[in-house]
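A.B. asks: target.txt (compact mmCIF, C-alpha atoms) pasted underneath:
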```txt
# COMPACT_ATOMS: atom_id res chain seq x y z
CA MET A 196 -13.20 -134.36 18.68
CA ASP A 197 -13.65 -131.62 21.28
CA ARG A 198 -12.10 -128.30 20.50
CA ILE A 199 -11.63 -125.54 23.08
CA PRO A 200 -13.83 -122.60 21.99
CA ILE A 201 -12.12 -119.27 21.28
CA TYR A 202 -14.27 -116.15 21.77
CA LYS A 203 -13.50 -112.87 20.06
CA ILE A 204 -14.29 -109.79 22.17
CA GLY A 205 -13.36 -106.60 20.34
CA ASP A 206 -9.79 -107.25 19.27
CA ILE A 207 -9.08 -109.62 22.12
CA LEU A 208 -9.38 -113.41 21.95
CA LEU A 209 -10.69 -115.15 25.08
CA VAL A 210 -10.09 -118.84 25.77
CA SER A 211 -11.51 -120.51 28.86
CA ILE A 212 -10.15 -123.99 29.45
CA GLN A 213 -12.81 -125.90 31.42
CA ILE A 214 -11.60 -129.49 31.00
CA ASP A 215 -8.35 -131.22 31.84
CA LEU A 216 -6.30 -130.94 28.69
CA ARG A 217 -4.87 -133.96 26.98
CA ASP A 218 -1.65 -133.31 25.12
CA GLN A 219 -3.44 -133.45 21.75
CA ASP A 220 -6.03 -130.86 22.91
CA ALA A 221 -3.18 -128.55 23.90
CA VAL A 222 -1.52 -128.88 20.51
CA ASP A 223 -4.87 -128.27 18.73
CA LEU A 224 -5.55 -125.19 20.89
CA GLN A 225 -2.13 -123.79 20.07
CA ASP A 226 -2.78 -124.24 16.30
CA ASP A 227 -6.29 -122.77 16.52
CA LEU A 228 -5.06 -119.73 18.44
CA ALA A 229 -2.27 -118.99 15.97
CA THR A 230 -4.78 -119.21 13.08
CA ARG A 231 -7.36 -117.00 14.83
CA ILE A 232 -4.79 -114.34 15.78
CA ALA A 233 -3.62 -114.17 12.18
CA THR A 234 -7.13 -114.03 10.64
CA THR A 235 -8.66 -111.59 13.17
CA GLY A 236 -5.63 -109.39 13.72
CA ALA A 237 -6.29 -109.56 17.47
CA HIS A 238 -3.73 -107.82 19.62
CA GLY A 239 -4.40 -109.72 22.82
CA VAL A 240 -5.13 -113.26 24.01
CA VAL A 241 -6.56 -114.06 27.45
CA ILE A 242 -6.30 -117.70 28.49
CA ASP A 243 -8.39 -118.53 31.58
CA ILE A 244 -7.10 -121.60 33.42
CA SER A 245 -9.06 -121.12 36.65
CA ALA A 246 -10.78 -124.50 36.17
CA LEU A 247 -7.53 -126.42 35.78
CA GLU A 248 -6.42 -128.36 38.85
CA LEU A 249 -3.38 -129.76 37.15
CA VAL A 250 -0.87 -128.09 34.86
CA ASP A 251 1.98 -130.37 33.84
CA SER A 252 5.21 -129.46 32.11
CA PHE A 253 3.64 -130.09 28.69
CA ILE A 254 0.78 -127.63 29.25
CA GLY A 255 3.26 -125.22 30.81
CA ARG A 256 5.41 -125.35 27.70
CA MET A 257 2.31 -124.97 25.50
CA LEU A 258 1.44 -121.74 27.36
CA SER A 259 4.99 -120.42 26.91
CA THR A 260 5.03 -121.35 23.21
CA THR A 261 1.61 -119.80 22.61
CA ALA A 262 2.82 -116.57 24.23
CA ALA A 263 5.91 -116.57 22.02
CA VAL A 264 3.91 -117.34 18.84
CA SER A 265 1.34 -114.62 19.55
CA ARG A 266 4.13 -112.13 20.25
CA VAL A 267 5.50 -112.83 16.76
CA LEU A 268 1.99 -112.13 15.45
CA ASP A 269 1.90 -108.85 17.46
CA ALA A 270 -0.49 -110.03 20.17
CA ARG A 271 0.04 -110.24 23.92
CA THR A 272 -0.91 -113.35 25.82
CA VAL A 273 -2.14 -113.13 29.42
CA VAL A 274 -2.72 -116.32 31.42
CA VAL A 275 -5.32 -115.66 34.12
CA GLY A 276 -6.83 -117.38 37.13
CA MET A 277 -4.10 -119.85 37.98
CA ARG A 278 -4.91 -121.66 41.22
CA PRO A 279 -2.49 -121.42 44.17
CA ALA A 280 -1.87 -125.17 44.16
CA VAL A 281 -1.06 -125.09 40.44
CA ALA A 282 1.33 -122.16 40.89
CA ILE A 283 3.15 -123.96 43.72
CA THR A 284 3.45 -127.15 41.64
CA LEU A 285 4.87 -125.26 38.66
CA VAL A 286 7.42 -123.50 40.87
CA GLU A 287 8.43 -126.79 42.47
CA LEU A 288 8.87 -128.23 38.96
CA GLY A 289 11.11 -125.27 38.16
CA LEU A 290 8.72 -123.89 35.53
CA SER A 291 8.26 -120.13 35.74
CA LEU A 292 6.54 -119.74 32.33
CA PRO A 293 9.02 -117.21 30.95
CA GLY A 294 7.52 -114.65 28.58
CA VAL A 295 3.97 -115.32 29.80
CA GLU A 296 2.09 -112.44 31.41
CA THR A 297 -0.34 -113.29 34.19
CA ALA A 298 -3.31 -111.73 35.94
CA LEU A 299 -5.54 -112.79 38.84
CA ASP A 300 -8.77 -113.07 36.81
CA VAL A 301 -10.29 -112.49 33.37
CA GLU A 302 -11.34 -108.92 34.21
CA ARG A 303 -7.82 -107.90 35.21
CA GLY A 304 -6.38 -109.75 32.20
CA LEU A 305 -8.60 -107.79 29.81
CA ALA A 306 -7.71 -104.54 31.61
CA LEU A 307 -3.99 -105.35 31.31
CA ILE A 308 -4.26 -105.77 27.53
CA SER A 309 -6.44 -102.67 27.09
CA SER A 310 -4.04 -100.49 29.08
CA HIS A 311 -1.18 -101.70 26.92
CA ALA A 312 -3.20 -101.04 23.74
CA ASP A 313 -3.89 -97.47 24.90
CA ARG A 314 -0.21 -96.78 25.40
CA HIS A 315 0.51 -98.43 22.05
CA ASP A 316 -1.99 -96.18 20.27
CA ALA A 317 -0.71 -93.10 22.06
CA ARG A 318 2.79 -93.75 20.82
CA GLN A 319 1.76 -93.99 17.19
CA MET B 105 7.00 -175.01 86.19
CA ALA B 106 4.09 -176.26 88.27
CA ASP B 107 5.94 -175.37 91.48
CA GLU B 108 6.67 -171.92 90.25
CA ASN B 109 2.99 -171.38 89.33
CA LEU B 110 2.02 -172.49 92.80
CA ASP B 111 4.52 -170.05 94.23
CA VAL B 112 3.07 -167.31 92.14
CA GLY B 113 -0.36 -168.18 93.50
CA GLU B 114 0.88 -168.00 97.06
CA LEU B 115 2.70 -164.81 96.43
CA LEU B 116 -0.43 -163.32 94.89
CA GLU B 117 -2.49 -164.25 97.91
CA LEU B 118 0.09 -162.70 100.16
CA LEU B 119 0.23 -159.54 98.06
CA ARG B 120 -3.55 -159.20 97.99
CA ALA B 121 -3.76 -159.77 101.74
CA ARG B 122 -1.16 -157.11 102.43
CA ALA B 123 -2.30 -154.77 99.65
CA GLU B 124 -2.88 -151.86 102.03
CA ALA B 125 0.63 -152.08 103.47
CA VAL B 126 2.25 -152.34 100.02
CA LEU B 127 0.19 -149.42 98.72
CA ASP B 128 1.10 -147.29 101.74
CA GLU B 129 4.78 -147.99 101.23
CA TRP B 130 4.52 -147.43 97.47
CA GLU B 131 2.61 -144.20 97.79
CA ARG B 132 5.10 -142.84 100.29
CA ALA B 133 8.06 -143.71 98.01
CA VAL B 134 6.45 -142.24 94.89
CA ALA B 135 5.46 -139.07 96.72
CA THR B 136 9.06 -138.58 97.91
CA ALA B 137 10.45 -139.18 94.42
CA GLN B 138 8.18 -136.58 92.85
CA ARG B 139 9.16 -132.95 93.01
CA THR B 140 5.67 -131.69 92.29
CA PRO B 141 3.19 -133.41 94.58
CA LEU B 142 -0.08 -134.72 93.16
CA PRO B 143 -3.20 -134.49 95.33
CA ASP B 144 -2.96 -137.44 97.80
CA ALA B 145 -6.26 -139.00 96.85
CA ALA B 146 -5.47 -138.90 93.13
CA LEU B 147 -2.11 -140.63 93.57
CA ARG B 148 -3.61 -143.29 95.86
CA THR B 149 -6.43 -144.05 93.41
CA GLU B 150 -4.00 -144.21 90.53
CA LEU B 151 -1.63 -146.58 92.32
CA SER B 152 -4.30 -148.86 93.75
CA SER B 153 -6.03 -149.40 90.41
CA LEU B 154 -2.61 -150.05 88.86
CA TYR B 155 -1.81 -152.53 91.63
CA GLU B 156 -5.13 -154.34 91.03
CA ALA B 157 -4.51 -154.49 87.29
CA LEU B 158 -1.00 -155.81 87.83
CA LEU B 159 -2.09 -158.59 90.21
CA ASP B 160 -4.96 -159.53 87.89
CA GLY B 161 -2.42 -159.70 85.08
CA VAL B 162 -0.09 -161.96 87.04
CA ALA B 163 -3.03 -164.18 88.07
CA GLY B 164 -4.21 -164.52 84.47
CA ALA B 165 -0.76 -165.28 83.08
CA ASP B 166 -0.12 -168.96 82.37
CA GLY B 167 3.32 -168.73 80.79
CA GLY B 168 4.97 -167.11 83.79
CA PRO B 169 4.90 -163.40 84.49
CA GLU B 170 7.68 -162.34 82.10
CA HIS B 171 5.47 -161.30 79.17
CA ALA B 172 4.86 -157.65 79.97
CA ARG B 173 3.55 -157.13 76.46
CA SER B 174 1.04 -159.97 76.46
CA ASP B 175 -2.73 -159.56 76.62
CA GLN B 176 -2.95 -160.31 80.35
CA TYR B 177 -1.34 -156.97 81.11
CA ALA B 178 -3.46 -154.98 78.67
CA GLU B 179 -5.31 -153.24 81.47
CA ALA B 180 -2.14 -152.49 83.41
CA ARG B 181 -0.58 -151.09 80.24
CA ALA B 182 -3.61 -148.93 79.50
CA LEU B 183 -3.45 -147.46 83.02
CA LEU B 184 0.29 -146.87 82.74
CA GLY B 185 -0.17 -145.26 79.32
CA GLU B 186 -2.73 -142.86 80.76
CA MET B 187 -0.48 -142.10 83.69
CA SER B 188 2.64 -141.38 81.63
CA HIS B 189 0.67 -139.26 79.11
CA ALA B 190 -0.65 -137.15 81.98
CA ARG B 191 2.81 -136.83 83.54
CA ALA B 192 4.47 -135.87 80.26
CA ARG B 193 1.93 -133.03 79.87
CA GLN B 194 2.30 -131.91 83.49
CA GLY B 195 6.06 -131.60 82.97
CA PHE B 196 7.27 -134.47 85.19
CA THR B 197 10.83 -135.64 84.51
CA PRO B 198 11.45 -139.11 83.02
CA THR B 199 12.96 -140.27 86.33
CA GLU B 200 9.89 -139.24 88.30
CA THR B 201 7.63 -141.04 85.84
CA ALA B 202 9.62 -144.27 85.77
CA ALA B 203 10.15 -144.16 89.55
CA ALA B 204 6.39 -144.43 90.03
CA VAL B 205 6.62 -148.00 88.70
CA PHE B 206 10.05 -149.00 89.99
CA GLU B 207 9.19 -148.01 93.55
CA LEU B 208 6.61 -150.80 93.60
CA LYS B 209 9.44 -153.36 93.71
CA ARG B 210 10.94 -151.83 96.78
CA ALA B 211 7.52 -151.54 98.40
CA ILE B 212 6.77 -155.22 97.78
CA ARG B 213 10.19 -156.29 99.04
CA SER B 214 9.88 -154.31 102.23
CA VAL B 215 6.39 -155.67 102.95
CA VAL B 216 6.80 -159.29 101.85
CA GLY B 217 10.45 -159.75 102.70
CA ASN B 218 12.97 -161.80 100.77
CA ASP B 219 11.44 -165.26 101.38
CA HIS B 220 9.98 -165.80 97.93
CA ALA B 221 13.13 -165.02 95.96
CA PRO B 222 12.55 -166.92 92.65
CA THR B 223 8.96 -165.76 92.24
CA ALA B 224 9.83 -162.26 93.40
CA VAL B 225 12.50 -162.12 90.67
CA ALA B 226 9.93 -163.13 88.06
CA LEU B 227 7.53 -160.49 89.37
CA SER B 228 10.36 -157.99 89.31
CA ASP B 229 10.91 -158.78 85.62
CA ILE B 230 7.32 -158.01 84.81
CA ILE B 231 7.50 -154.72 86.70
CA ASP B 232 10.67 -153.83 84.78
CA GLY B 233 8.84 -154.59 81.54
CA LEU B 234 5.94 -152.39 82.53
CA ALA B 235 8.30 -149.59 83.61
CA LEU B 236 9.99 -149.70 80.20
CA TYR B 237 6.57 -149.47 78.60
CA THR B 238 5.77 -146.46 80.79
CA PHE B 239 8.93 -144.76 79.69
CA GLU B 240 8.20 -145.44 76.02
CA THR B 241 4.72 -143.94 76.33
CA TYR B 242 6.15 -141.01 78.23
CA ALA B 243 8.65 -140.31 75.41
CA ALA B 244 5.93 -140.69 72.76
CA ALA B 245 3.69 -138.25 74.62
CA ARG B 246 6.53 -135.73 74.88
CA GLU B 247 7.25 -136.06 71.14
CA GLN B 248 3.57 -135.44 70.44
CA VAL B 249 3.66 -132.28 72.53
CA ILE B 250 6.65 -131.06 70.49
CA VAL B 251 4.96 -131.88 67.17
CA ASN B 252 1.83 -130.01 68.24
CA GLN B 253 3.84 -126.98 69.29
CA THR B 254 5.73 -126.95 65.98
CA GLU B 255 2.46 -126.98 64.08
CA GLN B 256 1.00 -124.21 66.20
CA LEU B 257 4.15 -122.17 65.66
CA LEU B 258 3.86 -122.63 61.89
CA GLU B 259 0.30 -121.39 61.87
CA LEU B 260 0.94 -118.55 64.29
CA SER B 261 3.94 -117.17 62.54
CA THR B 262 2.51 -116.68 59.06
CA PRO B 263 -0.09 -113.95 59.08
CA VAL B 264 -1.04 -112.22 55.83
CA VAL B 265 -2.31 -108.70 56.47
CA LYS B 266 -4.08 -106.30 54.17
CA LEU B 267 -2.32 -102.94 53.97
CA TRP B 268 -4.45 -101.26 51.35
CA ASP B 269 -7.01 -102.16 48.71
CA GLY B 270 -5.17 -104.73 46.61
CA ILE B 271 -1.98 -104.66 48.68
CA LEU B 272 -1.07 -107.46 51.10
CA ALA B 273 1.85 -107.71 53.49
CA VAL B 274 3.51 -110.85 54.84
CA PRO B 275 5.70 -110.08 57.87
CA LEU B 276 8.06 -113.03 58.22
CA VAL B 277 9.54 -113.72 61.65
CA GLY B 278 12.08 -116.33 62.63
CA THR B 279 13.80 -118.82 60.38
CA LEU B 280 12.63 -119.61 56.88
CA ASP B 281 12.91 -123.34 56.10
CA SER B 282 11.09 -125.29 53.42
CA ALA B 283 8.14 -126.18 55.69
CA ARG B 284 7.64 -122.52 56.66
CA THR B 285 8.02 -121.43 53.03
CA GLN B 286 5.37 -123.91 51.97
CA VAL B 287 2.91 -122.56 54.55
CA VAL B 288 3.75 -118.93 53.75
CA MET B 289 3.37 -119.59 50.03
CA GLU B 290 0.03 -121.36 50.40
CA THR B 291 -1.41 -118.73 52.76
CA LEU B 292 -0.19 -115.83 50.63
CA LEU B 293 -1.42 -117.26 47.31
CA GLN B 294 -4.80 -118.19 48.76
CA THR B 295 -5.21 -114.71 50.26
CA LEU B 296 -4.26 -113.17 46.89
CA VAL B 297 -7.13 -115.08 45.30
CA ASP B 298 -9.59 -114.40 48.14
CA THR B 299 -8.97 -110.67 48.23
CA GLY B 300 -8.18 -110.16 44.55
CA SER B 301 -4.97 -108.37 45.48
CA GLY B 302 -2.46 -107.56 42.77
CA HIS B 303 0.49 -106.72 45.02
CA ALA B 304 2.17 -108.35 48.00
CA ILE B 305 4.98 -107.08 50.19
CA ILE B 306 7.13 -109.75 51.82
CA ASP B 307 8.77 -108.18 54.86
CA ILE B 308 11.84 -110.02 56.17
CA THR B 309 12.72 -107.63 59.01
CA GLY B 310 12.17 -110.47 61.48
CA VAL B 311 14.19 -113.07 59.57
CA ALA B 312 17.41 -113.67 61.48
CA ALA B 313 19.67 -114.56 58.57
CA VAL B 314 19.42 -114.89 54.82
CA ASP B 315 21.48 -117.54 53.10
CA THR B 316 21.18 -119.02 49.61
CA GLN B 317 18.56 -121.49 50.84
CA VAL B 318 16.34 -118.75 52.31
CA ALA B 319 16.79 -116.61 49.19
CA GLN B 320 15.78 -119.58 47.06
CA HIS B 321 12.60 -119.96 49.12
CA LEU B 322 11.79 -116.26 48.80
CA LEU B 323 12.31 -116.38 45.03
CA LYS B 324 10.02 -119.40 44.72
CA THR B 325 7.27 -117.55 46.56
CA VAL B 326 7.66 -114.50 44.33
CA VAL B 327 7.62 -116.59 41.15
CA ALA B 328 4.51 -118.49 42.29
CA ALA B 329 2.73 -115.18 43.01
CA ARG B 330 3.77 -113.92 39.57
CA LEU B 331 2.32 -117.00 37.91
CA MET B 332 -0.99 -116.05 39.47
CA GLY B 333 -0.70 -112.49 38.25
CA ALA B 334 0.46 -110.68 41.39
CA GLU B 335 3.66 -108.71 41.92
CA CYS B 336 5.80 -109.12 45.02
CA ILE B 337 8.22 -106.75 46.70
CA ILE B 338 10.73 -107.81 49.32
CA SER B 339 11.20 -105.31 52.12
CA GLY B 340 12.87 -105.15 55.51
CA ILE B 341 16.35 -105.88 54.19
CA ARG B 342 18.74 -104.79 56.92
CA PRO B 343 22.20 -103.48 55.99
CA GLN B 344 23.96 -106.64 57.20
CA ILE B 345 21.56 -108.79 55.18
CA ALA B 346 22.15 -106.67 52.08
CA GLN B 347 25.89 -107.26 52.52
CA THR B 348 25.41 -111.01 53.02
CA VAL B 349 23.20 -111.20 49.94
CA VAL B 350 25.85 -109.51 47.81
CA ALA B 351 28.69 -111.54 49.32
CA LEU B 352 26.84 -114.79 48.57
CA GLY B 353 26.15 -113.64 45.01
CA ILE B 354 22.38 -113.98 45.39
CA GLU B 355 20.50 -112.36 42.51
CA PHE B 356 16.99 -111.10 43.17
CA GLY B 357 16.67 -110.39 39.44
CA ASP B 358 13.92 -107.91 38.62
CA ILE B 359 12.19 -108.31 42.01
CA PRO B 360 12.05 -104.89 43.66
CA THR B 361 13.67 -104.75 47.10
CA ARG B 362 13.37 -102.01 49.73
CA SER B 363 14.90 -101.51 53.14
CA ALA B 364 11.75 -100.53 55.02
CA LEU B 365 8.16 -101.73 54.76
CA ALA B 366 7.10 -98.06 54.46
CA ASP B 367 9.29 -97.62 51.37
CA ALA B 368 7.80 -100.74 49.81
CA LEU B 369 4.26 -99.53 50.49
CA ARG B 370 5.11 -96.16 48.98
CA HIS B 371 6.54 -97.90 45.90
CA VAL B 372 3.45 -100.08 45.42
CA LEU B 373 1.04 -97.17 45.98
CA HIS B 374 2.95 -95.21 43.36
CA GLN B 375 2.76 -98.13 40.92
CA ARG B 376 -0.99 -98.34 41.43
CA GLY B 377 -1.32 -94.65 40.66
CA TYR B 378 -1.77 -93.33 44.19
CA ASP B 379 0.08 -90.33 45.52
CA VAL B 380 0.15 -89.52 49.21
CA VAL B 381 0.09 -85.75 49.64
CA ARG B 382 -0.26 -83.60 52.69
CA ARG B 383 -3.40 -81.50 53.00
CA ALA B 384 -2.94 -77.73 52.97
CA ASP B 385 -4.33 -77.30 56.50
CA ALA B 386 -2.25 -80.14 57.89
CA ALA B 387 0.19 -77.79 59.60
CA ASN B 388 -2.45 -77.12 62.28
CA LEU B 389 -3.26 -80.79 62.83
CA VAL B 390 -0.03 -82.76 63.14
CA PRO B 391 3.37 -81.75 64.51
CA SER B 392 5.50 -80.87 61.48
CA GLY B 393 8.01 -83.70 62.00
CA LEU B 394 5.32 -86.36 61.49
CA GLY B 395 3.72 -84.72 58.48
CA ALA B 396 6.95 -84.20 56.62
CA ALA B 397 7.58 -87.90 56.13
CA VAL B 398 4.28 -88.29 54.29
CA THR B 399 4.72 -85.29 52.02
CA GLY B 400 7.97 -86.69 50.68
CA VAL B 401 6.04 -88.90 48.24
CA SER B 402 5.26 -87.53 44.85
```
For the structure just supplied, provide its representation as structure tokens.

C.D. replies:
Amino acid sequence: MDRIPIYKIGDILLVSIQIDLRDQDAVDLQDDLATRIATTGAHGVVIDISALELVDSFIGRMLSTTAAVSRVLDARTVVVGMRPAVAITLVELGLSLPGVETALDVERGLALISSHADRHDARQ
Amino acid sequence: MADENLDVGELLELLRARAEAVLDEWERAVATAQRTPLPDAALRTELSSLYEALLDGVAGADGGPEHARSDQYAEARALLGEMSHARARQGFTPTETAAAVFELKRAIRSVVGNDHAPTAVALSDIIDGLALYTFETYAAAREQVIVNQTEQLLELSTPVVKLWDGILAVPLVGTLDSARTQVVMETLLQTLVDTGSGHAIIDITGVAAVDTQVAQHLLKTVVAARLMGAECIISGIRPQIAQTVVALGIEFGDIPTRSALADALRHVLHQRGYDVVRRADAANLVPSGLGAAVTGVS
């Protein structure tokens, strides 16, 4: 059974989805991410979907749920690299992925989380 | 049936023999009917090849000449199609185009006379059929011209311009329907990816009216850009439009809106950490009125 690899970079988890997800893969990824956030104490998750040509309502909901779960575990989720066609499809389906932060690419996603972490540290 | 076929044969012979006279008459009638004259030689060539094709068609027809859509008239139809396409593009009216075919009847009658009534009626039917075909092709060609223009308009009217590093602007002009929105959305999102821009300003100064439908389209575009990780600002909201928006109860939610494109640019620059300040020696360079507007930003 293929599992989507999760890379740990500093205290950020990076997931790059390179294959079209079946529903079961999505559920597995969601479980794995929750476990890894809890065990590593990561404060950010970057999910790269630049290779996905199709995001259906199920994957869309998975992204929303993952964002909500990671927020409970004190981590921010940034979805990066969504293709224009995918964004248009999601909007036409009426899915705006509430609660999910987005960035154009992995670099900007990482920067977004770091900038937030800096402010977070400064406050404490 | 056999008699009629014989008559057709005779008539054909007569028509071929007097081809020059018929063509002269026809050409004169067509030229009078047309407002914009074609070069004489071009019209004559067009009509004589059409005349040939028509007579060949009648000669080849075995079931009587009333089947304008049968194979025998394929060549005549092709010529007519070409002719009506050309006329539709050159801006001829429908009457002028159809007259080119109908005038043949009068030309034949005036040259041949009324002696061959039954066969002439049959021939007249076939000319009517071909004239109808001409008109159909003419209409189709006109429709095609309109479709092409609509497409060109769509492409022309949706430029995405770069205002600053990472800041795009989309000046919308005209009406915003779903087809336009689709094109705007696709162009904007693709340019966001290509340029790696994080901000886009949608300027609706040129949009005539904003109703719930248009607002819905704008919101969709903003949400799609957000999904890709870019922020949008809507600018160019005129006072009347602001009032309409409020009266209709349209909510732009947390999407920033500004009245002028300059204000939107200033807002985005500020968000990206830029400040526009006036240089100390600027007083010597620019008349004070111009400089003052820039210094206002902090």

A.B. asks: Out of A:His311, A:His238, A:Arg271, A:Arg231, which residue has the shortest atom-to-atom distance to Gly294 (chain A) when counting only C-alpha atoms?

C.D. replies: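 Ranking A:His311, A:His238, A:Arg271, A:Arg231 by distance to Gly294 (chain A), first place goes to A:Arg271.
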
A.B. asks: Mind running chain A against chain B at 12 Å and telling me each contacting residue's nearest atom pair with the distance in Å (one decimal), counting only C-alpha atoms, chain and number ascending, as JSON lines?

C.D. replies:
```
{"residue": "A:Asp243", "atom": "CA", "partner": "B:Met332", "partner_atom": "CA", "distance": 11.1}
{"residue": "A:Ile244", "atom": "CA", "partner": "B:Met332", "partner_atom": "CA", "distance": 10.2}
{"residue": "A:Ser245", "atom": "CA", "partner": "B:Met332", "partner_atom": "CA", "distance": 9.9}
{"residue": "A:Val250", "atom": "CA", "partner": "B:Leu331", "partner_atom": "CA", "distance": 11.9}
{"residue": "A:Gly255", "atom": "CA", "partner": "B:Leu331", "partner_atom": "CA", "distance": 10.9}
{"residue": "A:Leu258", "atom": "CA", "partner": "B:Leu331", "partner_atom": "CA", "distance": 11.6}
{"residue": "A:Ser259", "atom": "CA", "partner": "B:Leu331", "partner_atom": "CA", "distance": 11.8}
{"residue": "A:Val273", "atom": "CA", "partner": "B:Gly333", "partner_atom": "CA", "distance": 9.0}
{"residue": "A:Val274", "atom": "CA", "partner": "B:Gly333", "partner_atom": "CA", "distance": 8.1}
{"residue": "A:Val275", "atom": "CA", "partner": "B:Met332", "partner_atom": "CA", "distance": 6.9}
{"residue": "A:Gly276", "atom": "CA", "partner": "B:Met332", "partner_atom": "CA", "distance": 6.4}
{"residue": "A:Met277", "atom": "CA", "partner": "B:Met332", "partner_atom": "CA", "distance": 5.1}
{"residue": "A:Arg278", "atom": "CA", "partner": "B:Met332", "partner_atom": "CA", "distance": 7.1}
{"residue": "A:Pro279", "atom": "CA", "partner": "B:Leu293", "partner_atom": "CA", "distance": 5.3}
{"residue": "A:Ala280", "atom": "CA", "partner": "B:Glu290", "partner_atom": "CA", "distance": 7.6}
{"residue": "A:Val281", "atom": "CA", "partner": "B:Ala328", "partner_atom": "CA", "distance": 8.8}
{"residue": "A:Ala282", "atom": "CA", "partner": "B:Ala328", "partner_atom": "CA", "distance": 5.1}
{"residue": "A:Ile283", "atom": "CA", "partner": "B:Ala328", "partner_atom": "CA", "distance": 5.8}
{"residue": "A:Thr284", "atom": "CA", "partner": "B:Ala328", "partner_atom": "CA", "distance": 8.7}
{"residue": "A:Leu285", "atom": "CA", "partner": "B:Ala328", "partner_atom": "CA", "distance": 7.7}
{"residue": "A:Val286", "atom": "CA", "partner": "B:Ala328", "partner_atom": "CA", "distance": 6.0}
{"residue": "A:Glu287", "atom": "CA", "partner": "B:Lys324", "partner_atom": "CA", "distance": 7.9}
{"residue": "A:Leu288", "atom": "CA", "partner": "B:Lys324", "partner_atom": "CA", "distance": 10.6}
{"residue": "A:Gly289", "atom": "CA", "partner": "B:Lys324", "partner_atom": "CA", "distance": 8.9}
{"residue": "A:Leu290", "atom": "CA", "partner": "B:Val327", "partner_atom": "CA", "distance": 9.3}
{"residue": "A:Ser291", "atom": "CA", "partner": "B:Val327", "partner_atom": "CA", "distance": 6.5}
{"residue": "A:Leu292", "atom": "CA", "partner": "B:Leu331", "partner_atom": "CA", "distance": 7.5}
{"residue": "A:Pro293", "atom": "CA", "partner": "B:Leu331", "partner_atom": "CA", "distance": 9.7}
{"residue": "A:Gly294", "atom": "CA", "partner": "B:Leu331", "partner_atom": "CA", "distance": 10.9}
{"residue": "A:Val295", "atom": "CA", "partner": "B:Leu331", "partner_atom": "CA", "distance": 8.4}
{"residue": "A:Glu296", "atom": "CA", "partner": "B:Gly333", "partner_atom": "CA", "distance": 7.4}
{"residue": "A:Thr297", "atom": "CA", "partner": "B:Gly333", "partner_atom": "CA", "distance": 4.2}
{"residue": "A:Ala298", "atom": "CA", "partner": "B:Gly333", "partner_atom": "CA", "distance": 3.6}
{"residue": "A:Leu299", "atom": "CA", "partner": "B:Gly333", "partner_atom": "CA", "distance": 4.9}
{"residue": "A:Asp300", "atom": "CA", "partner": "B:Gly333", "partner_atom": "CA", "distance": 8.2}
{"residue": "A:Val301", "atom": "CA", "partner": "B:Gly333", "partner_atom": "CA", "distance": 10.8}
{"residue": "A:Glu302", "atom": "CA", "partner": "B:Gly300", "partner_atom": "CA", "distance": 10.9}
{"residue": "A:Arg303", "atom": "CA", "partner": "B:Gly333", "partner_atom": "CA", "distance": 9.0}
{"residue": "A:Gly304", "atom": "CA", "partner": "B:Gly333", "partner_atom": "CA", "distance": 8.7}
{"residue": "A:Leu307", "atom": "CA", "partner": "B:Gly333", "partner_atom": "CA", "distance": 10.5}
```

A.B. asks: Name the residues in contact with Arg362 (chain B) at a cut-off of 7 Å, using only C-alpha atoms, excluding same-chain residues fewer than 2 positions from it; report them as a PDB file with C-alpha atoms, in the frame of the given file.

C.D. replies:
```pdb
ATOM      1  CA  ILE B 338      10.730-107.810  49.320  1.00  0.00           C
ATOM      2  CA  SER B 339      11.200-105.310  52.120  1.00  0.00           C
ATOM      3  CA  GLY B 340      12.870-105.150  55.510  1.00  0.00           C
ATOM      4  CA  ILE B 341      16.350-105.880  54.190  1.00  0.00           C
ATOM      5  CA  PRO B 360      12.050-104.890  43.660  1.00  0.00           C
ATOM      6  CA  ALA B 364      11.750-100.530  55.020  1.00  0.00           C
ATOM      7  CA  ASP B 367       9.290 -97.620  51.370  1.00  0.00           C
ATOM      8  CA  ALA B 368       7.800-100.740  49.810  1.00  0.00           C
TER       9      ALA B 368
END
```

A.B. asks: Find the spatial neighbours of region 119-122 of chain B, counting all atoms listed in the file, within a cut-off of 8 Å - ignore same-chain residues fewer than 4 positions away - and output them as a PDB file with C-alpha atoms, in the coordinates of the input.

C.D. replies:
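Printed below is around.pdb as written:
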```pdb
ATOM      1  CA  LEU B 115       2.700-164.810  96.430  1.00  0.00           C
ATOM      2  CA  VAL B 126       2.250-152.340 100.020  1.00  0.00           C
ATOM      3  CA  LEU B 159      -2.090-158.590  90.210  1.00  0.00           C
ATOM      4  CA  ILE B 212       6.770-155.220  97.780  1.00  0.00           C
ATOM      5  CA  VAL B 215       6.390-155.670 102.950  1.00  0.00           C
ATOM      6  CA  VAL B 216       6.800-159.290 101.850  1.00  0.00           C
TER       7      VAL B 216
END
```

A.B. asks: If you count all atoms listed in the file, which residues fall within 6 Å of region 204-215 of chain A, apart from same-chain ones fewer than 4 positions away, as a PDB file with C-alpha atoms, keeping the file's coordinate frame?

C.D. replies:
```
ATOM      1  CA  ALA A 237      -6.290-109.560  17.470  1.00  0.00           C
ATOM      2  CA  GLY A 239      -4.400-109.720  22.820  1.00  0.00           C
ATOM      3  CA  VAL A 240      -5.130-113.260  24.010  1.00  0.00           C
ATOM      4  CA  VAL A 241      -6.560-114.060  27.450  1.00  0.00           C
ATOM      5  CA  ILE A 242      -6.300-117.700  28.490  1.00  0.00           C
ATOM      6  CA  ASP A 243      -8.390-118.530  31.580  1.00  0.00           C
ATOM      7  CA  ILE A 244      -7.100-121.600  33.420  1.00  0.00           C
ATOM      8  CA  ALA A 246     -10.780-124.500  36.170  1.00  0.00           C
TER       9      ALA A 246
END
```
